[in-house]
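Containing compact mmCIF, C-alpha atoms: model-v9.txt.
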# COMPACT_ATOMS: atom_id res chain seq x y z
CA MET A 1398 117.77 -155.10 125.97
CA HIS A 1399 114.59 -153.82 124.31
CA CYS A 1400 112.43 -155.85 121.92
CA THR A 1401 109.93 -153.99 119.74
CA HIS A 1402 107.64 -157.05 119.74
CA TYR A 1403 107.54 -157.53 123.52
CA ASP A 1404 103.94 -156.37 123.92
CA SER A 1405 102.52 -158.68 121.24
CA CYS A 1406 104.78 -161.76 121.36
CA GLY A 1407 104.36 -163.72 124.59
CA ALA A 1408 107.58 -165.72 124.34
CA CYS A 1409 109.81 -163.54 126.56
CA SER A 1410 107.53 -162.91 129.52
CA LEU A 1411 110.39 -161.79 131.81
CA LEU A 1412 112.32 -159.58 129.39
CA HIS A 1413 111.22 -156.50 131.34
CA MET A 1414 113.11 -157.74 134.43
CA ASP A 1415 116.78 -157.36 135.27
CA TYR A 1416 118.45 -160.73 134.61
CA ALA A 1417 119.71 -161.12 138.18
CA ALA A 1418 116.14 -160.53 139.39
CA GLN A 1419 114.89 -163.21 136.99
CA LEU A 1420 117.22 -165.76 138.61
CA VAL A 1421 116.00 -164.83 142.10
CA ARG A 1422 112.38 -165.20 140.95
CA LYS A 1423 113.04 -168.57 139.35
CA ARG A 1424 114.72 -169.96 142.45
CA GLY A 1425 111.65 -168.84 144.41
CA ASP A 1426 109.42 -170.67 141.93
CA VAL A 1427 111.34 -173.89 142.58
CA VAL A 1428 111.20 -173.43 146.36
CA ARG A 1429 107.43 -172.86 146.24
CA ALA A 1430 106.86 -175.85 143.93
CA PHE A 1431 108.64 -178.21 146.32
CA ALA A 1432 106.97 -176.70 149.39
CA ALA A 1433 103.54 -177.20 147.78
CA ALA A 1434 104.38 -180.91 147.47
CA GLY A 1435 105.44 -181.08 151.13
CA LEU A 1436 109.17 -181.19 150.35
CA LYS A 1437 111.93 -178.90 151.62
CA PRO A 1438 115.20 -179.74 149.90
CA GLU A 1439 118.00 -177.18 149.86
CA VAL A 1440 117.45 -175.26 146.62
CA HIS A 1441 120.76 -173.89 145.38
CA GLU A 1442 121.25 -170.61 143.54
CA VAL A 1443 120.22 -170.75 139.88
CA ALA A 1444 123.07 -171.32 137.44
CA GLY A 1445 122.58 -168.44 135.00
CA MET A 1446 124.23 -167.28 131.77
CA ASP A 1447 126.97 -164.70 131.35
CA CYS A 1448 125.28 -163.52 128.13
CA PRO A 1449 121.59 -164.49 128.22
CA PHE A 1450 120.75 -163.65 124.59
CA ASN A 1451 120.87 -165.43 121.21
CA TYR A 1452 121.07 -168.79 122.96
CA ARG A 1453 118.40 -170.77 121.07
CA ASN A 1454 119.93 -173.29 118.64
CA LYS A 1455 116.48 -174.12 117.26
CA VAL A 1456 113.90 -171.89 115.56
CA ILE A 1457 110.32 -172.77 114.62
CA ALA A 1458 108.95 -169.89 112.54
CA ASN A 1459 105.26 -169.97 111.74
CA VAL A 1460 104.50 -168.78 108.20
CA SER A 1461 101.69 -166.42 107.21
CA MET A 1462 100.95 -163.66 104.65
CA ARG A 1463 100.54 -159.93 105.19
CA GLY A 1464 100.02 -157.47 102.37
CA GLY A 1465 100.70 -160.21 99.85
CA ARG A 1466 104.10 -161.05 101.37
CA ILE A 1467 105.39 -163.89 103.54
CA VAL A 1468 105.91 -163.10 107.23
CA CYS A 1469 107.42 -165.48 109.78
CA GLY A 1470 107.66 -165.62 113.54
CA MET A 1471 106.05 -166.64 116.82
CA TYR A 1472 102.32 -166.68 117.40
CA GLU A 1473 100.91 -163.76 119.36
CA GLU A 1474 100.08 -164.91 122.86
CA ASN A 1475 96.83 -166.92 123.04
CA SER A 1476 96.24 -166.65 119.28
CA HIS A 1477 97.31 -167.93 115.87
CA LYS A 1478 98.27 -164.48 114.61
CA VAL A 1479 101.92 -164.51 113.49
CA VAL A 1480 104.15 -161.81 114.97
CA ASP A 1481 106.80 -160.89 112.39
CA THR A 1482 110.03 -161.31 114.39
CA PRO A 1483 112.98 -161.35 111.98
CA GLU A 1484 115.50 -160.39 114.69
CA CYS A 1485 114.51 -162.41 117.77
CA LEU A 1486 116.80 -161.61 120.71
CA LEU A 1487 116.77 -165.22 121.94
CA GLN A 1488 117.52 -166.99 118.65
CA ASN A 1489 121.04 -167.75 117.47
CA ALA A 1490 122.29 -164.82 115.37
CA THR A 1491 123.24 -167.07 112.44
CA LEU A 1492 119.75 -168.58 112.40
CA ASN A 1493 118.24 -165.08 112.40
CA ALA A 1494 120.33 -164.23 109.34
CA VAL A 1495 119.44 -167.47 107.55
CA LEU A 1496 115.74 -166.98 108.28
CA ALA A 1497 115.84 -163.43 106.91
CA SER A 1498 117.39 -164.72 103.67
CA ILE A 1499 114.79 -167.48 103.37
CA ILE A 1500 111.94 -164.99 103.81
CA ALA A 1501 113.44 -162.74 101.14
CA GLU A 1502 113.74 -165.63 98.68
CA LEU A 1503 110.22 -166.90 99.45
CA ASN A 1504 108.86 -163.48 98.51
CA SER A 1505 111.14 -163.19 95.47
CA LEU A 1506 109.83 -166.55 94.21
CA HIS A 1507 106.20 -165.65 95.10
CA ILE A 1508 105.85 -168.77 97.26
CA LYS A 1509 102.72 -168.57 99.39
CA ALA A 1510 101.83 -169.76 102.87
CA HIS A 1511 99.41 -172.54 103.73
CA GLY A 1512 95.94 -171.04 103.97
CA PHE A 1513 96.82 -168.35 101.42
CA GLY A 1514 96.98 -170.50 98.29
CA GLY A 1515 100.25 -172.25 99.16
CA VAL A 1516 101.49 -175.21 101.21
CA LEU A 1517 104.24 -173.78 103.46
CA LYS A 1518 103.30 -173.95 107.17
CA GLN A 1519 106.50 -173.54 109.19
CA ILE A 1520 110.24 -173.16 108.78
CA LEU A 1521 112.35 -175.10 111.27
CA LEU A 1522 116.03 -174.19 111.66
CA ARG A 1523 118.70 -175.84 113.79
CA ILE A 1524 122.37 -175.06 114.27
CA GLY A 1525 125.21 -177.09 115.72
CA VAL A 1526 126.80 -174.24 117.65
CA SER A 1527 130.21 -175.92 117.93
CA THR A 1528 130.34 -176.93 114.23
CA GLY A 1529 128.43 -174.01 112.69
CA GLN A 1530 126.34 -176.45 110.63
CA VAL A 1531 122.75 -175.37 109.89
CA LEU A 1532 119.72 -177.55 109.14
CA VAL A 1533 116.70 -176.08 107.33
CA ALA A 1534 113.35 -177.88 107.32
CA PHE A 1535 110.34 -176.64 105.36
CA VAL A 1536 107.10 -177.96 106.86
CA THR A 1537 104.36 -178.21 104.24
CA SER A 1538 100.75 -179.36 104.16
CA GLU A 1539 101.31 -181.34 100.94
CA ASP A 1540 104.20 -183.20 99.30
CA MET A 1541 104.04 -181.00 96.19
CA PHE A 1542 106.02 -177.82 96.98
CA HIS A 1543 106.34 -175.64 93.88
CA GLY A 1544 109.54 -173.61 93.68
CA ARG A 1545 111.45 -175.67 96.23
CA ALA A 1546 114.38 -176.57 93.93
CA GLU A 1547 115.18 -172.94 93.13
CA LEU A 1548 114.57 -171.92 96.74
CA VAL A 1549 117.06 -174.50 98.00
CA ARG A 1550 119.63 -173.53 95.36
CA ARG A 1551 119.44 -169.86 96.36
CA ILE A 1552 119.63 -170.25 100.13
CA VAL A 1553 122.49 -172.76 99.98
CA ALA A 1554 124.44 -170.42 97.67
CA ALA A 1555 123.86 -167.51 100.04
CA HIS A 1556 124.67 -169.47 103.21
CA PRO A 1557 127.41 -172.13 102.93
CA GLU A 1558 126.81 -172.96 106.58
CA ILE A 1559 123.55 -174.67 105.53
CA ARG A 1560 124.60 -178.32 105.62
CA THR A 1561 121.24 -179.87 104.80
CA VAL A 1562 117.68 -179.00 103.75
CA VAL A 1563 114.64 -181.25 104.24
CA GLN A 1564 110.93 -181.04 103.51
CA ASN A 1565 108.60 -182.41 106.17
CA THR A 1566 104.97 -183.01 105.19
CA ASN A 1567 102.33 -182.56 107.87
CA PRO A 1568 98.75 -182.35 106.55
CA ARG A 1569 97.23 -182.30 110.03
CA GLU A 1570 95.87 -179.08 111.55
CA THR A 1571 97.27 -179.56 115.06
CA SER A 1572 99.81 -177.92 117.33
CA VAL A 1573 102.29 -180.69 116.45
CA VAL A 1574 104.69 -179.14 113.95
CA LEU A 1575 106.33 -182.12 112.26
CA GLY A 1576 104.59 -184.89 110.36
CA ASP A 1577 105.69 -188.44 109.56
CA ARG A 1578 106.88 -187.94 105.97
CA GLU A 1579 110.26 -186.37 105.26
CA LYS A 1580 112.25 -185.83 102.07
CA VAL A 1581 115.89 -184.73 101.98
CA LEU A 1582 116.28 -181.90 99.44
CA TYR A 1583 119.97 -181.19 99.99
CA GLY A 1584 122.82 -182.71 101.98
CA PRO A 1585 122.84 -185.68 104.39
CA GLY A 1586 119.58 -184.92 106.22
CA ALA A 1587 121.25 -184.07 109.55
CA ILE A 1588 123.89 -181.88 111.21
CA TYR A 1589 126.35 -182.45 114.06
CA ASP A 1590 127.09 -180.69 117.33
CA ASP A 1591 129.54 -181.28 120.19
CA LEU A 1592 128.49 -181.59 123.83
CA LEU A 1593 130.76 -182.47 126.78
CA GLY A 1594 133.44 -183.73 124.42
CA ARG A 1595 131.13 -185.97 122.36
CA ARG A 1596 129.69 -185.41 118.89
CA TYR A 1597 125.96 -185.88 118.17
CA ARG A 1598 123.90 -186.25 115.00
CA ILE A 1599 120.83 -183.99 114.99
CA SER A 1600 117.97 -184.41 112.54
CA ALA A 1601 114.83 -182.30 112.15
CA LYS A 1602 112.87 -184.56 114.53
CA SER A 1603 115.60 -185.05 117.14
CA PHE A 1604 115.09 -183.91 120.71
CA TYR A 1605 118.13 -181.82 121.57
CA GLN A 1606 118.34 -179.19 124.30
CA ILE A 1607 117.99 -175.69 122.83
CA ASN A 1608 120.62 -173.93 124.95
CA PRO A 1609 124.03 -175.60 124.46
CA VAL A 1610 125.90 -173.44 127.00
CA GLN A 1611 123.47 -174.27 129.80
CA THR A 1612 123.02 -177.87 128.68
CA GLU A 1613 126.70 -178.52 129.45
CA LYS A 1614 126.15 -177.14 132.97
CA LEU A 1615 122.96 -179.17 133.45
CA TYR A 1616 124.39 -182.47 132.22
CA ALA A 1617 127.68 -181.98 134.08
CA LYS A 1618 125.71 -181.53 137.31
CA ALA A 1619 123.51 -184.55 136.53
CA LEU A 1620 126.59 -186.74 135.99
CA GLU A 1621 128.22 -185.36 139.13
CA LEU A 1622 125.12 -186.25 141.16
CA ALA A 1623 124.91 -189.69 139.52
CA ALA A 1624 128.41 -190.45 140.89
CA ILE A 1625 128.69 -193.46 138.59
CA ARG A 1626 131.20 -196.09 139.68
CA PRO A 1627 133.04 -198.54 137.40
CA GLY A 1628 130.92 -201.54 136.46
CA GLU A 1629 127.57 -199.98 137.39
CA LEU A 1630 124.47 -200.34 135.22
CA VAL A 1631 122.87 -197.02 134.27
CA MET A 1632 119.41 -196.67 132.73
CA ASP A 1633 118.70 -193.47 130.78
CA ALA A 1634 114.91 -193.10 130.56
CA TYR A 1635 113.45 -190.77 127.90
CA CYS A 1636 116.95 -190.80 126.40
CA GLY A 1637 116.26 -188.85 123.17
CA ILE A 1638 119.32 -188.98 120.92
CA GLY A 1639 121.42 -190.41 123.74
CA THR A 1640 123.25 -187.32 125.01
CA ILE A 1641 123.10 -188.09 128.74
CA GLY A 1642 123.58 -191.85 128.39
CA ILE A 1643 126.58 -191.54 126.09
CA SER A 1644 128.09 -188.91 128.39
CA ALA A 1645 127.68 -191.40 131.27
CA SER A 1646 129.21 -194.31 129.36
CA GLY A 1647 132.81 -193.44 130.21
CA GLU A 1648 132.37 -194.43 133.86
CA ALA A 1649 129.56 -196.98 133.68
CA GLY A 1650 129.86 -200.68 133.07
CA GLU A 1651 126.73 -200.62 130.89
CA VAL A 1652 124.20 -197.98 129.84
CA ILE A 1653 120.64 -198.79 128.73
CA GLY A 1654 118.80 -195.99 126.91
CA VAL A 1655 115.03 -196.13 126.36
CA GLU A 1656 113.05 -193.84 124.05
CA ILE A 1657 109.73 -194.25 122.21
CA ASN A 1658 110.61 -191.95 119.29
CA ARG A 1659 112.07 -194.09 116.48
CA ASP A 1660 113.89 -191.21 114.80
CA ALA A 1661 115.58 -190.30 118.07
CA VAL A 1662 116.63 -193.91 118.71
CA ARG A 1663 118.10 -194.18 115.23
CA ASP A 1664 120.14 -191.04 115.92
CA ALA A 1665 121.13 -192.38 119.36
CA VAL A 1666 122.45 -195.65 117.93
CA GLY A 1667 124.51 -193.74 115.36
CA ASN A 1668 125.76 -191.36 118.06
CA ALA A 1669 126.94 -194.23 120.25
CA ARG A 1670 128.75 -195.78 117.28
CA HIS A 1671 130.30 -192.43 116.28
CA ASN A 1672 131.54 -191.84 119.84
CA LYS A 1673 132.79 -195.44 120.23
CA ALA A 1674 130.50 -195.92 123.23
CA ASP A 1675 130.38 -199.70 122.90
CA ASN A 1676 128.82 -200.23 126.33
CA VAL A 1677 125.61 -198.35 125.44
CA ARG A 1678 122.46 -200.04 124.10
CA PHE A 1679 119.31 -198.23 123.00
CA PHE A 1680 115.77 -199.61 122.90
CA CYS A 1681 112.78 -198.13 121.10
CA ASP A 1682 109.99 -198.80 123.57
CA ASP A 1683 107.55 -197.21 125.97
CA VAL A 1684 109.65 -196.48 129.07
CA LYS A 1685 107.06 -197.79 131.55
CA LYS A 1686 106.59 -201.05 129.66
CA PHE A 1687 110.34 -201.55 129.27
CA MET A 1688 111.03 -200.94 132.96
CA ARG A 1689 108.30 -203.35 134.02
CA GLY A 1690 109.97 -206.12 132.01
CA PHE A 1691 113.57 -205.31 132.98
CA ASP A 1692 115.01 -207.79 135.49
CA ALA A 1693 118.66 -206.79 136.01
CA PRO A 1694 119.49 -204.58 139.03
CA VAL A 1695 119.82 -200.91 138.06
CA ASP A 1696 122.40 -198.91 139.97
CA VAL A 1697 121.51 -195.47 138.56
CA LEU A 1698 118.31 -194.31 136.87
CA ILE A 1699 118.58 -191.02 134.98
CA LEU A 1700 115.34 -189.53 133.71
CA ASP A 1701 114.40 -186.38 131.82
CA PRO A 1702 110.65 -186.73 131.21
CA PRO A 1703 108.26 -184.40 129.34
CA ARG A 1704 106.88 -181.29 131.07
CA SER A 1705 103.90 -183.33 132.26
CA GLY A 1706 106.23 -185.42 134.43
CA CYS A 1707 105.83 -189.10 135.26
CA ASP A 1708 102.47 -190.85 135.35
CA ALA A 1709 101.38 -193.40 137.96
CA GLU A 1710 102.53 -196.34 135.82
CA PHE A 1711 106.06 -194.94 135.61
CA ILE A 1712 106.19 -194.35 139.38
CA ASP A 1713 105.01 -197.94 139.94
CA ALA A 1714 107.71 -199.18 137.55
CA VAL A 1715 110.36 -197.24 139.53
CA ARG A 1716 109.08 -198.76 142.76
CA ARG A 1717 109.39 -202.25 141.27
CA LEU A 1718 112.82 -201.62 139.75
CA ARG A 1719 114.17 -199.88 142.91
CA PRO A 1720 117.33 -198.38 141.37
CA GLY A 1721 120.11 -197.59 143.83
CA ARG A 1722 119.87 -193.86 143.11
CA ILE A 1723 117.93 -191.62 140.76
CA VAL A 1724 118.92 -188.42 138.98
CA TYR A 1725 115.80 -186.55 137.89
CA VAL A 1726 116.17 -183.76 135.32
CA SER A 1727 113.04 -181.67 134.79
CA CYS A 1728 111.83 -178.61 132.90
CA ASN A 1729 108.82 -178.27 135.21
CA PRO A 1730 109.46 -178.01 138.98
CA GLN A 1731 105.75 -178.45 139.78
CA THR A 1732 105.47 -181.90 138.17
CA GLN A 1733 108.95 -182.85 139.37
CA ALA A 1734 108.08 -182.02 142.99
CA PHE A 1735 104.82 -183.98 142.72
CA ASP A 1736 106.70 -187.01 141.37
CA LEU A 1737 109.33 -186.81 144.13
CA ALA A 1738 106.60 -186.66 146.76
CA ARG A 1739 105.10 -189.87 145.36
CA LEU A 1740 108.49 -191.55 145.74
CA SER A 1741 109.21 -190.14 149.20
CA GLY A 1742 108.40 -193.44 150.91
CA LEU A 1743 111.35 -195.07 149.15
CA TYR A 1744 113.66 -192.17 148.28
CA SER A 1745 114.76 -188.90 149.84
CA CYS A 1746 115.76 -185.71 148.02
CA ARG A 1747 118.03 -183.36 149.95
CA GLU A 1748 119.10 -180.85 147.27
CA ALA A 1749 117.81 -179.27 144.06
CA TRP A 1750 120.01 -177.55 141.47
CA PRO A 1751 118.20 -175.11 139.14
CA VAL A 1752 119.76 -174.22 135.78
CA ASP A 1753 118.43 -171.33 133.69
CA MET A 1754 118.02 -172.96 130.28
CA PHE A 1755 115.49 -170.36 129.08
CA PRO A 1756 116.53 -166.80 130.06
CA HIS A 1757 113.81 -164.12 129.83
CA THR A 1758 111.05 -166.75 130.01
CA ALA A 1759 109.29 -168.13 133.08
CA HIS A 1760 110.74 -171.62 132.57
CA ILE A 1761 113.43 -173.20 134.73
CA GLU A 1762 115.24 -176.56 134.58
CA THR A 1763 116.03 -178.43 137.79
CA VAL A 1764 118.10 -181.52 138.58
CA CYS A 1765 117.76 -183.55 141.79
CA ARG A 1766 119.32 -186.71 143.18
CA LEU A 1767 117.17 -189.23 145.02
CA ASP A 1768 118.75 -191.74 147.44
For this file, produce the structure as structure tokens.
Amino acid sequence: MHCTHYDSCGACSLLHMDYAAQLVRKRGDVVRAFAAAGLKPEVHEVAGMDCPFNYRNKVIANVSMRGGRIVCGMYEENSHKVVDTPECLLQNATLNAVLASIIAELNSLHIKAHGFGGVLKQILLRIGVSTGQVLVAFVTSEDMFHGRAELVRRIVAAHPEIRTVVQNTNPRETSVVLGDREKVLYGPGAIYDDLLGRRYRISAKSFYQINPVQTEKLYAKALELAAIRPGELVMDAYCGIGTIGISASGEAGEVIGVEINRDAVRDAVGNARHNKADNVRFFCDDVKKFMRGFDAPVDVLILDPPRSGCDAEFIDAVRRLRPGRIVYVSCNPQTQAFDLARLSGLYSCREAWPVDMFPHTAHIETVCRLD
């Protein structure tokens, strides 16, 4: 499928390749990453998508002005120049339609972008694919956002699927999109989505995987590899809003989820309550610090760390805790392989299962079990 913005927008670096060829390349990337770390697990074929387009359930559109009008989209590669991409091939089709309406109303109301006499910096959209509910977040540099009441009224009238609208204020000039202050302008402040038979609350700040079809494959494989037995204690490190831990709760005796983001933990606690997962407890804490102070024997450790992987303190905490088995989910095979090599004295990794969470990009997700 052809994208007219391919040459300027760097998001879809593999769009020029046949999809089957992308999967072969990505498996090779995983093999090479593990080999560079001195590891040679069996790397299985990449689990791809039947329809690898319009899969993103989250959109972050940067806002700028061109010819006196609002434009929104990704940044051009290695720059802060906004590429106007109203019909992104990777974004959910409903979100594309909602974004187009928002842009039209912004221009109709003469609302200006930050840096051009206004305060609007980004527009964040999320959709619960199973429920159809849409969240809209306007990220502004100041609390005062002129025209917001009429803007909200118009977009909600045009799109009944919009369940909630929030304004997030972030005065900082950094690459971090969301700030600390948030005001609900319409609705409950969150939406819901279903994953592996459970329902989850998703707010603007929640970490939630962006490809729901592939997330089900990834988490199903992680739970299969965890092979949780009745009565076992499972620790879900970097647990986010609790999706993996709550999914594991049906078999486990107890699940402990640890996450440093307060907003995510609040969502996780509500998600456990909503799903009647009474054997799950969540703690807002630094994972390394929490693990160092945890004394009970852990049967299964499940971790899904940031792209940077695990630092030396986390590896030391794992060595002290010595869980019976580890399931490591990663969006970066290089850092994952490096971490596994550092644990090779205690644990062995025989297989790696890649899942294509990000078709047409160079990224690949991988899950491994360590015994």
Per residue of stretch 1670-1750 of chain A within 12 Å of stretch 1618-1622 of chain A, what are the shortest atom pair and its distance in Å to one decimal, counting all atoms listed in the file, with rows by chain and residue number, as a Markdown table?
| residue | atom | partner | partner_atom | distance |
| --- | --- | --- | --- | --- |
| A:Val1697 | CA | A:Leu1622 | CA | 10.2 |
| A:Leu1698 | CA | A:Ala1619 | CA | 11.1 |
| A:Ile1699 | CA | A:Ala1619 | CA | 8.3 |
| A:Leu1700 | CA | A:Ala1619 | CA | 10.0 |
| A:Asp1701 | CA | A:Ala1619 | CA | 10.4 |
| A:Arg1722 | CA | A:Leu1622 | CA | 9.4 |
| A:Ile1723 | CA | A:Leu1622 | CA | 9.0 |
| A:Val1724 | CA | A:Ala1619 | CA | 6.5 |
| A:Tyr1725 | CA | A:Ala1619 | CA | 8.1 |
| A:Val1726 | CA | A:Ala1619 | CA | 7.5 |
| A:Ser1727 | CA | A:Ala1619 | CA | 11.0 |
| A:Cys1746 | CA | A:Leu1622 | CA | 11.6 |
| A:Arg1747 | CA | A:Leu1622 | CA | 11.7 |
| A:Glu1748 | CA | A:Leu1622 | CA | 10.1 |
| A:Ala1749 | CA | A:Leu1622 | CA | 10.5 |
| A:Trp1750 | CA | A:Lys1618 | CA | 8.1 |
Between atom CA of A:Asp1682 and atom CA of A:Ala1634, measure the distance and give it in Å to one decimal.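 Taking atom CA of A:Asp1682 as the start and atom CA of A:Ala1634 as the end point, the length is 10.3 Å.
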Give as a count of residues only the set of residues within 6 Å of the point (109.9, -163.3, 136.1), where distances use the file's coordinates and only C-alpha atoms. 4
Taking all atoms listed in the file into account, which of A:Lys1602, A:Lys1518, A:Arg1466, A:Arg1678 comes nearest A:Gly1650? A:Arg1678
What does the distance between atom CA of A:Ser1603 and atom CA of A:Pro1585 come to in Å, to one decimal place?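 Atom CA of A:Pro1585 lies at a distance of 14.7 Å from atom CA of A:Ser1603.
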With 8 Å on each side, where is the centre of the axis-aligned box around all listed atoms of stretch 1448-1454 of chain A, and how long are its edges in Å to one decimal, as lines of an AutoDock Vina configuration file?
center_x = 121.8
center_y = -168.4
center_z = 123.4
size_x = 22.9
size_y = 25.8
size_z = 25.6
Choose the residue, out of A:Ala1430, A:His1757, A:Arg1766, A:Ile1643, that has the smallest atom-to-atom separation from A:Met1414; count all atoms listed in the file. A:His1757
Measuring atom to atom with only C-alpha atoms, identify which of A:Met1632, A:Met1754, A:Arg1704, A:Val1563 is nearest to A:Arg1719. A:Met1632
Set out as CSV a contact list for stretch 1667-1767 of chain A and stretch 1607-1615 of chain A with a cut-off of 10 Å, giving each residue of stretch 1667-1767 of chain A that qualifies its closest atom pair and distance in Å to one decimal, counting all atoms listed in the file, ordered by chain and rising residue number.
residue,atom,partner,partner_atom,distance
A:Val1726,CA,A:Leu1615,CA,8.4
A:Trp1750,CA,A:Leu1615,CA,8.7
A:Pro1751,CA,A:Leu1615,CA,8.5
A:Val1752,CA,A:Leu1615,CA,6.3
A:Asp1753,CA,A:Gln1611,CA,7.0
A:Met1754,CA,A:Gln1611,CA,5.6
A:Phe1755,CA,A:Asn1608,CA,7.5
A:Pro1756,CA,A:Asn1608,CA,9.7
A:Glu1762,CA,A:Leu1615,CA,8.2
A:Thr1763,CA,A:Leu1615,CA,8.2
A:Val1764,CA,A:Leu1615,CA,7.4
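Between atom CA of A:Arg1551 and atom CA of A:Gly1586 the separation is 18.0 Å.
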Please return, as number ranges by chain, all polymer residues that have at least one atom within 9 Å of the point (118.0, -181.1, 92.7); use only C-alpha atoms and the file's own coordinate frame. A: 1546-1547, 1549-1550, 1582-1583
Residue contacts of A:Val1479 (7 Å, all atoms listed in the file) excluding same-chain residues fewer than 6 positions away, as a ChimeraX atom specification: /A:1459,1461,1469-1473
Based on the selection just made, write C-alpha atoms of those residues as a compact mmCIF listing (two decimals), in the coordinates of the input.
# COMPACT_ATOMS: atom_id res chain seq x y z
CA ASN A 1459 105.26 -169.97 111.74
CA SER A 1461 101.69 -166.42 107.21
CA CYS A 1469 107.42 -165.48 109.78
CA GLY A 1470 107.66 -165.62 113.54
CA MET A 1471 106.05 -166.64 116.82
CA TYR A 1472 102.32 -166.68 117.40
CA GLU A 1473 100.91 -163.76 119.36
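Of the residues under consideration (A:Ala1494, A:Leu1487, A:Ala1432, A:Cys1728), A:Cys1728 shows the shortest atom-to-atom contact distance to A:Gln1606 when counting all atoms listed in the file.
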In terms of only C-alpha atoms, the residue from A:His1760, A:Asp1633, A:Ala1674, A:Phe1542 at minimal distance from A:Val1695 is A:Asp1633
Which of these residues is nearest to A:Cys1765, using all atoms listed in the file: A:Asn1454, A:Ser1705, A:Ser1476, A:Gln1733?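 Among A:Asn1454, A:Ser1705, A:Ser1476, A:Gln1733, it is A:Gln1733 that comes nearest to A:Cys1765.
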Considering only C-alpha atoms, return as a ChimeraX atom specification whatever protein or nucleic-acid residues lie within 12 Å of A:Gly1515, sequence-local ones (same chain, fewer than 4 positions apart) excluded. /A:1460-1462,1467,1503,1507-1511,1519,1536-1544
Counting only C-alpha atoms, what is within 8 Å of A:Val1662, bar same-chain residues fewer than 6 positions away, as a PyMOL selection string? chain A and resi 1637-1639+1656+1679-1681
Residue contacts of A:Gly1706 (10 Å, all atoms listed in the file) excluding same-chain residues fewer than 6 positions away, as a list of chain:residue names: A:Ser1727, A:Cys1728, A:Asn1729, A:Pro1730, A:Gln1731, A:Thr1732, A:Gln1733, A:Ala1734, A:Phe1735, A:Asp1736
Could you save the residues just selected, with C-alpha atoms, as a PDB file, keeping the file's coordinate frame?
ATOM      1  CA  SER A1727     113.040-181.670 134.790  1.00  0.00           C
ATOM      2  CA  CYS A1728     111.830-178.610 132.900  1.00  0.00           C
ATOM      3  CA  ASN A1729     108.820-178.270 135.210  1.00  0.00           C
ATOM      4  CA  PRO A1730     109.460-178.010 138.980  1.00  0.00           C
ATOM      5  CA  GLN A1731     105.750-178.450 139.780  1.00  0.00           C
ATOM      6  CA  THR A1732     105.470-181.900 138.170  1.00  0.00           C
ATOM      7  CA  GLN A1733     108.950-182.850 139.370  1.00  0.00           C
ATOM      8  CA  ALA A1734     108.080-182.020 142.990  1.00  0.00           C
ATOM      9  CA  PHE A1735     104.820-183.980 142.720  1.00  0.00           C
ATOM     10  CA  ASP A1736     106.700-187.010 141.370  1.00  0.00           C
TER      11      ASP A1736
END
